[in-house]
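Enquirer: One file is attached below, coords-v8.pdb, containing PDB, C-alpha atoms.
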ATOM      1  CA  MET A 118     -69.697 116.142  28.043
ATOM      2  CA  ALA A 119     -72.462 116.783  25.593
ATOM      3  CA  ASP A 120     -75.699 118.240  26.953
ATOM      4  CA  TYR A 121     -77.600 114.972  26.544
ATOM      5  CA  ILE A 122     -75.095 112.912  28.527
ATOM      6  CA  PRO A 123     -75.905 113.187  32.230
ATOM      7  CA  GLY A 124     -73.339 113.870  34.905
ATOM      8  CA  GLY A 125     -73.004 111.796  38.018
ATOM      9  CA  ASP A 126     -72.039 108.158  38.020
ATOM     10  CA  ALA A 127     -75.485 106.632  38.532
ATOM     11  CA  ALA A 128     -77.178 108.797  35.911
ATOM     12  CA  PHE A 129     -74.364 108.261  33.419
ATOM     13  CA  ASN A 130     -74.382 104.509  34.028
ATOM     14  CA  ALA A 131     -78.142 104.317  33.405
ATOM     15  CA  TRP A 132     -77.792 106.473  30.287
ATOM     16  CA  LEU A 133     -74.962 104.336  28.891
ATOM     17  CA  ASP A 134     -76.843 101.097  29.555
ATOM     18  CA  ASN A 135     -79.925 102.499  27.836
ATOM     19  CA  PHE A 136     -77.882 103.775  24.881
ATOM     20  CA  VAL A 137     -76.231 100.409  24.283
ATOM     21  CA  THR A 138     -79.508  98.519  24.737
ATOM     22  CA  TYR A 139     -81.338 100.796  22.312
ATOM     23  CA  ALA A 140     -78.564 100.774  19.720
ATOM     24  CA  SER A 141     -78.268  96.988  19.925
ATOM     25  CA  ALA A 142     -82.004  96.519  19.437
ATOM     26  CA  ASN A 143     -82.170  98.984  16.542
ATOM     27  CA  LEU A 144     -79.034  98.299  14.527
ATOM     28  CA  ALA A 145     -80.731  98.193  11.119
ATOM     29  CA  ASN A 146     -82.887 101.255  11.810
ATOM     30  CA  LEU A 147     -79.766 103.175  12.787
ATOM     31  CA  GLY A 148     -77.840 101.967   9.745
ATOM     32  CA  LEU A 149     -75.392 100.007  11.850
ATOM     33  CA  VAL A 150     -74.036  96.487  12.045
ATOM     34  CA  ALA A 151     -73.092  94.649  15.227
ATOM     35  CA  GLY A 152     -69.394  95.416  14.772
ATOM     36  CA  ASP A 153     -70.157  99.127  14.864
ATOM     37  CA  LEU A 154     -71.068  98.760  18.531
ATOM     38  CA  THR A 155     -67.806  97.077  19.527
ATOM     39  CA  PRO A 156     -66.064 100.302  20.595
ATOM     40  CA  ILE A 157     -68.978 101.437  22.754
ATOM     41  CA  THR A 158     -69.566  98.014  24.330
ATOM     42  CA  THR A 159     -65.830  97.767  25.057
ATOM     43  CA  ALA A 160     -65.968 101.217  26.666
ATOM     44  CA  GLN A 161     -69.107 100.217  28.589
ATOM     45  CA  THR A 162     -67.328  97.175  30.017
ATOM     46  CA  ALA A 163     -64.299  99.265  30.991
ATOM     47  CA  TRP A 164     -66.605 101.842  32.613
ATOM     48  CA  ALA A 165     -68.484  99.176  34.595
ATOM     49  CA  THR A 166     -65.210  97.667  35.826
ATOM     50  CA  ALA A 167     -63.798 101.062  36.805
ATOM     51  CA  LEU A 168     -67.024 102.125  38.514
ATOM     52  CA  SER A 169     -67.150  98.923  40.533
ATOM     53  CA  ALA A 170     -63.510  99.332  41.595
ATOM     54  CA  HIS A 171     -64.183 102.951  42.526
ATOM     55  CA  VAL A 172     -67.210 102.091  44.674
ATOM     56  CA  THR A 173     -65.269  99.304  46.388
ATOM     57  CA  ALA A 174     -62.352 101.650  47.084
ATOM     58  CA  GLN A 175     -64.674 104.303  48.503
ATOM     59  CA  GLN A 176     -66.272 101.758  50.823
ATOM     60  CA  ALA A 177     -62.844 100.542  51.951
ATOM     61  CA  ALA A 178     -61.729 104.122  52.606
ATOM     62  CA  LYS A 179     -64.830 104.823  54.691
ATOM     63  CA  SER A 180     -64.222 101.660  56.702
ATOM     64  CA  ALA A 181     -60.550 102.523  57.221
ATOM     65  CA  THR A 182     -61.486 106.041  58.335
ATOM     66  CA  GLN A 183     -63.972 104.662  60.836
ATOM     67  CA  GLN A 184     -61.366 102.238  62.214
ATOM     68  CA  LYS A 185     -58.809 105.038  62.473
ATOM     69  CA  ASN A 186     -61.272 107.298  64.279
ATOM     70  CA  THR A 187     -62.191 104.524  66.710
ATOM     71  CA  ALA A 188     -58.512 103.862  67.411
ATOM     72  CA  HIS A 189     -57.918 107.572  67.875
ATOM     73  CA  VAL A 190     -60.634 107.804  70.519
ATOM     74  CA  ALA A 191     -59.415 104.607  72.207
ATOM     75  CA  ALA A 192     -55.897 106.036  72.478
ATOM     76  CA  PHE A 193     -57.210 108.677  74.883
ATOM     77  CA  LEU A 194     -59.197 106.263  77.038
ATOM     78  CA  TRP A 195     -56.383 104.171  78.462
TER      79      TRP A 195
END
When written as C-alpha coordinates, how does the structure in this file appear?

Expert:
Amino acid sequence: MADYIPGGDAAFNAWLDNFVTYASANLANLGLVAGDLTPITTAQTAWATALSAHVTAQQAAKSATQQKNTAHVAAFLW
(Lines of atoms letter the chains of each structure in order from A and count residues from 1; the text may use other names and numbers.)
(Lines give C-alpha, C1' and ligand atoms only; values in the text may rest on other atoms or scores of the structure.)
Protein backbone atom coordinates (compact mmCIF):
# COMPACT_ATOMS: atom_id res chain seq x y z
CA MET A 1 0.00 0.00 0.00
CA ALA A 2 0.98 3.60 -0.36
CA ASP A 3 2.89 5.19 2.53
CA TYR A 4 -0.10 7.27 3.64
CA ILE A 5 -2.46 4.30 3.91
CA PRO A 6 -2.03 2.68 7.32
CA GLY A 7 -1.68 -1.04 7.85
CA GLY A 8 -3.74 -2.97 10.32
CA ASP A 9 -7.48 -3.37 10.08
CA ALA A 10 -8.51 -0.80 12.68
CA ALA A 11 -6.16 1.90 11.41
CA PHE A 12 -7.11 1.24 7.79
CA ASN A 13 -10.81 1.27 8.63
CA ALA A 14 -10.50 4.64 10.40
CA TRP A 15 -8.45 6.03 7.51
CA LEU A 16 -10.97 4.85 4.90
CA ASP A 17 -13.91 6.27 6.85
CA ASN A 18 -12.12 9.60 7.20
CA PHE A 19 -11.17 9.64 3.50
CA VAL A 20 -14.73 9.04 2.35
CA THR A 21 -16.15 11.55 4.84
CA TYR A 22 -13.68 14.23 3.80
CA ALA A 23 -14.11 13.60 0.08
CA SER A 24 -17.89 13.63 0.41
CA ALA A 25 -17.85 16.93 2.30
CA ASN A 26 -15.42 18.56 -0.14
CA LEU A 27 -16.55 17.37 -3.55
CA ALA A 28 -16.46 20.78 -5.24
CA ASN A 29 -13.13 21.75 -3.69
CA LEU A 30 -11.64 18.50 -4.95
CA GLY A 31 -13.14 18.94 -8.41
CA LEU A 32 -15.39 15.93 -8.02
CA VAL A 33 -19.06 15.10 -8.35
CA ALA A 34 -20.97 12.62 -6.21
CA GLY A 35 -20.72 9.90 -8.85
CA ASP A 36 -16.94 10.06 -8.67
CA LEU A 37 -17.14 8.61 -5.17
CA THR A 38 -19.24 5.60 -6.17
CA PRO A 39 -16.27 3.25 -6.65
CA ILE A 40 -14.72 4.13 -3.30
CA THR A 41 -18.02 3.99 -1.38
CA THR A 42 -18.76 0.62 -3.01
CA ALA A 43 -15.31 -0.59 -1.96
CA GLN A 44 -15.85 0.83 1.54
CA THR A 45 -19.09 -1.13 1.89
CA ALA A 46 -17.42 -4.32 0.67
CA TRP A 47 -14.54 -3.75 3.10
CA ALA A 48 -16.90 -3.19 6.05
CA THR A 49 -18.82 -6.36 5.21
CA ALA A 50 -15.64 -8.42 4.84
CA LEU A 51 -14.13 -7.01 8.03
CA SER A 52 -17.26 -7.80 10.00
CA ALA A 53 -17.34 -11.36 8.64
CA HIS A 54 -13.66 -11.77 9.45
CA VAL A 55 -14.07 -10.58 13.05
CA THR A 56 -17.08 -12.87 13.51
CA ALA A 57 -15.14 -15.83 12.11
CA GLN A 58 -12.18 -15.13 14.38
CA GLN A 59 -14.46 -15.01 17.42
CA ALA A 60 -16.12 -18.27 16.38
CA ALA A 61 -12.72 -19.92 15.90
CA LYS A 62 -11.57 -18.80 19.35
CA SER A 63 -14.77 -20.17 20.88
CA ALA A 64 -14.41 -23.47 19.02
CA THR A 65 -10.78 -23.77 20.15
CA GLN A 66 -11.78 -23.17 23.75
CA GLN A 67 -14.52 -25.82 23.51
CA LYS A 68 -12.09 -28.28 21.94
CA ASN A 69 -9.50 -27.66 24.64
CA THR A 70 -12.09 -28.12 27.38
CA ALA A 71 -13.24 -31.38 25.80
CA HIS A 72 -9.65 -32.51 25.47
CA VAL A 73 -9.01 -31.98 29.18
CA ALA A 74 -12.33 -33.64 30.09
CA ALA A 75 -11.39 -36.73 28.07
CA PHE A 76 -8.57 -37.42 30.53
CA LEU A 77 -10.66 -36.90 33.66
CA TRP A 78 -13.10 -39.77 33.30

Enquirer: Show me, as a PyMOL selection string, the residues that have an atom within 12 Å of range 128-139 of chain A when counting only C-alpha atoms, minus same-chain residues fewer than 6 positions from it.

Expert: chain A and resi 118-122+145-147+151+153-169

Enquirer: Tell me, in Å to one decimal, how far CA of Gln184 in chain A is from CA of Val172 in chain A.

Expert: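 Computed distance, CA of Gln184 in chain A to CA of Val172 in chain A, equals 18.5 Å.
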
Enquirer: In Å to one decimal, how far is CA of Trp195 in chain A from CA of Ser180 in chain A?

Expert: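 One can read the CA of Ser180 in chain A to CA of Trp195 in chain A distance as 23.3 Å.
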
Enquirer: State, in Å with one decimal place, the distance from CA of Pro123 in chain A to CA of Ala177 in chain A.

Expert: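 Going from CA of Pro123 in chain A over to CA of Ala177 in chain A, I get 26.8 Å.
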